[in-house]
Amino acid sequence: MRTCTNNLFLARRLLAALLLIPVALAPVRGSAATPAREQVLAAMKKASTFMTEKAALRGGYVWLLSDDLKRRWGEIPARPSQIWLQGGTELMGQVFLDAYEATNDGFYLAAARNAADALVFGQHPLGGWHYFIDFDPAGVPEWYEKQASKFRYGYEEYRHYYGNATFDDRVTTDAGLFLLRFYLLSREAAYREPVLKALDFVLKAQYPNGAWPQRFPLRYEFVHDGLPDYTSFYTLNDGAMSGIIELLLEAHERLGDARYFESARRGADALLALQGPEGQAAWAEQHGPDLRPIAARTHEPAGYVARESQMAIAMLRSLYLRTGDPRYLAPIPRCLDWFDRINREAAAQKYPAPRYWEPGTNKPLYVVRTNLLNAEGYGLYKWTTDVAQTRCGSAPCQGDGKPIVDVAALRTSYQALASLDKKARAERLAQLHARARRPRAGEDVAGIIEALDSRGAWVTHDNSVPVPHALTEATERETVRGISTGIFARRMETLIGALAPAATEPGTR
């Protein structure tokens, strides 16, 4: 497992795993000359100064600011008093820690501290976090009623305010990972309690069988459209369970508390129990009390899924590396066989890749919008195995026959892991830690520096954001010129990578 003081991996992991606002990330190209180290450092400082002084709110961040800094978005339009997680504040904190480790410049540690303080302010009394933090909490219920809930399709998690915390989109776990890293790097005692409280929250939320709900403390009141409240289900969706296990293993390695490893192990045992039957040995986004796939939101039918199944495999591999227990490898070949099956069927039947496969039949299961509305005025979906009912433009969607999952690569990786003895497994873990600490380059460094405006902002022109109160599909999203925290993180990562030859070792001053 990656150590808490890794250099760039966590920021990159967040960018890849979280549901950021879709933005254009075409590489920026500049002059052929390689900028001097001093130019890179100056660009990093200029960009970070703009973000901390102009974009931040009490040390925290949203996902996107309009170019004039007057409009703000997280996953949905944000109140002026809000900062966001899910790849907002905690991602920015990780980037600042990366920059601090690469430069020893206290400016970046102070920026990370401000982000940590913002997260501590918004921490749930039991230890977790919600999607956002609002510095005017009294106004949140009204905002939910009049703004957050006003999307005709999707965004169902904003139709009801629970007042608890969530594991969805790795919200709580990524905040916990950042605070843990900040505490271990800074050794500032004030942050120890929030870290331990976050970890205690994870332990308290775990079910006796080792799984976790989507939200905690448990609530059951949001019943709608004939579906039960889904937030108490055993949840793998959007990295919930994989993020928890990652945090627990990180905490165990860094803090040495055996409870964290035991909880992670029990989580992996739950994955063993939740795996589907022979011939369909995969995992679902949510599983019900009977351990079978279960529907959640109106656009999430009960079905096996490829993405969460790959996350489950990654977690089982991680436990096997640490324990050598063959139970954690045994489920993997059966899931790989299912990947082979869906690849063959997609190629033979030319159906477009669905998100879900129907339990039992293994038919592709599609979620299709209808023009029907429920009693509250929200748009309804239908679930169908009939590809003719899907729509790509005005015609039914058609598959291209391409593999849905790269099974060959997964099999090679599995076989390599299975062949390791105890000593080799320990060496593999050490290699993973070392690789995580090695900076990697991305976009053209000169182009990134040239793209900074006079303020120190990286402005992009085609950021896509959701529009509440939309009446038609044509008005559901808006294109905005603005400053994205995701793009800031990506470009800072590249600049930090350019410092690699002279960068200090992680964790040193």
# chains A, B, ... in the order shown; residues from 1 in each chain; ligands from 1
$ select_by_dssp --residues "segment 219-334 of chain A" --states "helix (DSSP H, G or I)" --output "ChimeraX atom specification"
/A:230-232,237-255,258-274,306-323,326-328,331-334
$ write_last_selection --atoms "C-alpha atoms" --output "PDB file, in the first residue's frame"
ATOM      1  CA  TYR A 230     -30.396   2.939  -0.607  1.00  0.00           C
ATOM      2  CA  THR A 231     -27.875   4.605   1.709  1.00  0.00           C
ATOM      3  CA  SER A 232     -27.736   1.711   4.182  1.00  0.00           C
ATOM      4  CA  ASN A 237     -20.269   2.203  -5.818  1.00  0.00           C
ATOM      5  CA  ASP A 238     -17.897   5.021  -6.812  1.00  0.00           C
ATOM      6  CA  GLY A 239     -14.968   3.774  -4.767  1.00  0.00           C
ATOM      7  CA  ALA A 240     -16.774   3.735  -1.427  1.00  0.00           C
ATOM      8  CA  MET A 241     -15.529   0.411  -0.093  1.00  0.00           C
ATOM      9  CA  SER A 242     -12.174   0.451  -1.879  1.00  0.00           C
ATOM     10  CA  GLY A 243     -11.448   3.915  -0.482  1.00  0.00           C
ATOM     11  CA  ILE A 244     -12.249   2.731   3.033  1.00  0.00           C
ATOM     12  CA  ILE A 245      -9.923  -0.252   2.814  1.00  0.00           C
ATOM     13  CA  GLU A 246      -7.169   1.935   1.354  1.00  0.00           C
ATOM     14  CA  LEU A 247      -7.479   4.404   4.253  1.00  0.00           C
ATOM     15  CA  LEU A 248      -7.452   1.633   6.847  1.00  0.00           C
ATOM     16  CA  LEU A 249      -4.360  -0.024   5.427  1.00  0.00           C
ATOM     17  CA  GLU A 250      -2.609   3.336   5.174  1.00  0.00           C
ATOM     18  CA  ALA A 251      -3.493   4.139   8.768  1.00  0.00           C
ATOM     19  CA  HIS A 252      -2.318   0.743   9.990  1.00  0.00           C
ATOM     20  CA  GLU A 253       1.042   1.094   8.249  1.00  0.00           C
ATOM     21  CA  ARG A 254       1.570   4.633   9.478  1.00  0.00           C
ATOM     22  CA  LEU A 255       0.047   4.521  12.969  1.00  0.00           C
ATOM     23  CA  ALA A 258      -3.981  -3.309  14.674  1.00  0.00           C
ATOM     24  CA  ARG A 259      -7.685  -2.386  14.693  1.00  0.00           C
ATOM     25  CA  TYR A 260      -7.302  -0.735  11.309  1.00  0.00           C
ATOM     26  CA  PHE A 261      -5.785  -3.779   9.672  1.00  0.00           C
ATOM     27  CA  GLU A 262      -8.402  -6.042  11.240  1.00  0.00           C
ATOM     28  CA  SER A 263     -11.173  -3.809   9.909  1.00  0.00           C
ATOM     29  CA  ALA A 264      -9.627  -3.834   6.426  1.00  0.00           C
ATOM     30  CA  ARG A 265      -9.325  -7.613   6.566  1.00  0.00           C
ATOM     31  CA  ARG A 266     -12.978  -7.937   7.543  1.00  0.00           C
ATOM     32  CA  GLY A 267     -13.845  -5.643   4.631  1.00  0.00           C
ATOM     33  CA  ALA A 268     -12.007  -7.973   2.257  1.00  0.00           C
ATOM     34  CA  ASP A 269     -13.860 -10.923   3.794  1.00  0.00           C
ATOM     35  CA  ALA A 270     -17.097  -9.109   3.001  1.00  0.00           C
ATOM     36  CA  LEU A 271     -15.995  -8.858  -0.631  1.00  0.00           C
ATOM     37  CA  LEU A 272     -15.592 -12.628  -0.677  1.00  0.00           C
ATOM     38  CA  ALA A 273     -19.167 -13.030   0.550  1.00  0.00           C
ATOM     39  CA  LEU A 274     -20.605 -10.470  -1.871  1.00  0.00           C
ATOM     40  CA  ALA A 306     -17.252  -4.186 -14.437  1.00  0.00           C
ATOM     41  CA  ARG A 307     -15.855  -1.065 -12.762  1.00  0.00           C
ATOM     42  CA  GLU A 308     -16.591  -1.949  -9.160  1.00  0.00           C
ATOM     43  CA  SER A 309     -15.538  -5.536  -9.847  1.00  0.00           C
ATOM     44  CA  GLN A 310     -12.104  -4.298 -10.862  1.00  0.00           C
ATOM     45  CA  MET A 311     -11.961  -2.215  -7.686  1.00  0.00           C
ATOM     46  CA  ALA A 312     -12.842  -5.314  -5.648  1.00  0.00           C
ATOM     47  CA  ILE A 313     -10.043  -7.264  -7.327  1.00  0.00           C
ATOM     48  CA  ALA A 314      -7.580  -4.485  -6.502  1.00  0.00           C
ATOM     49  CA  MET A 315      -8.552  -4.597  -2.835  1.00  0.00           C
ATOM     50  CA  LEU A 316      -8.257  -8.393  -2.686  1.00  0.00           C
ATOM     51  CA  ARG A 317      -4.824  -8.186  -4.288  1.00  0.00           C
ATOM     52  CA  SER A 318      -3.811  -5.627  -1.681  1.00  0.00           C
ATOM     53  CA  LEU A 319      -4.859  -7.904   1.193  1.00  0.00           C
ATOM     54  CA  TYR A 320      -3.082 -10.864  -0.387  1.00  0.00           C
ATOM     55  CA  LEU A 321       0.162  -8.896  -0.651  1.00  0.00           C
ATOM     56  CA  ARG A 322       0.040  -8.264   3.075  1.00  0.00           C
ATOM     57  CA  THR A 323      -1.226 -11.610   4.316  1.00  0.00           C
ATOM     58  CA  PRO A 326      -4.914 -17.586  -0.680  1.00  0.00           C
ATOM     59  CA  ARG A 327      -8.573 -16.823   0.108  1.00  0.00           C
ATOM     60  CA  TYR A 328      -8.020 -13.331  -1.261  1.00  0.00           C
ATOM     61  CA  PRO A 331     -12.123 -15.089  -6.264  1.00  0.00           C
ATOM     62  CA  ILE A 332     -10.046 -13.321  -8.910  1.00  0.00           C
ATOM     63  CA  PRO A 333      -9.916 -16.013 -11.653  1.00  0.00           C
ATOM     64  CA  ARG A 334     -13.688 -16.480 -11.434  1.00  0.00           C
TER      65      ARG A 334
END
$ residues_around --residues "Ala115 of chain A" --least-positions-apart "6" --cutoff "7 Å" --atoms "only C-alpha atoms" --output "list of chain:residue names"
A:Gly59, A:Gly60, A:Thr89, A:Glu90, A:Gly93
$ write_last_selection --atoms "C-alpha atoms" --output "PDB file, in the first residue's frame"
ATOM      1  CA  GLY A  59      -8.655  27.568   3.116  1.00  0.00           C
ATOM      2  CA  GLY A  60     -11.069  25.386   1.135  1.00  0.00           C
ATOM      3  CA  THR A  89     -10.393  20.822  -0.921  1.00  0.00           C
ATOM      4  CA  GLU A  90      -8.671  17.539  -0.067  1.00  0.00           C
ATOM      5  CA  GLY A  93      -4.312  19.927   0.107  1.00  0.00           C
TER       6      GLY A  93
END
$ atom_distance --atom1 "atom CA of Arg152 of chain A" --atom2 "atom CA of Gly379 of chain A"
5.3 Å
$ atom_distance --atom1 "atom CA of Pro137 of chain A" --atom2 "atom CA of Gly122 of chain A"
9.7 Å
$ select_by_dssp --residues "segment 114-265 of chain A" --states "strand (DSSP E)" --output "list in words"
Phe132, Ile133, Asp134, Ala165, Thr166, Arg215, Phe216, Tyr234 and Thr235 of chain A
$ residues_around --residues "Leu180 of chain A" --least-positions-apart "5" --cutoff "10 Å" --atoms "only C-alpha atoms" --output "ChimeraX atom specification"
/A:4-5,116,174-175,185,191-192,194-196,198-199,247,250-251,254-255
$ atom_distance --atom1 "atom CA of Ala474 of chain A" --atom2 "atom CA of Ala353 of chain A"
24.5 Å
$ closest_residue --among "A:Asp444, A:Lys150, A:Val367, A:Gly88" --to "Ala33 of chain A" --atoms "only C-alpha atoms"
A:Asp444
$ residues_around --residues "Leu64 of chain A" --least-positions-apart "5" --cutoff "7 Å" --atoms "only C-alpha atoms" --output "count of residues only"
7
$ closest_residue --among "A:Ser394, A:Thr52, A:Thr479, A:Asn362" --to "Asp462 of chain A" --atoms "only C-alpha atoms"
A:Thr479
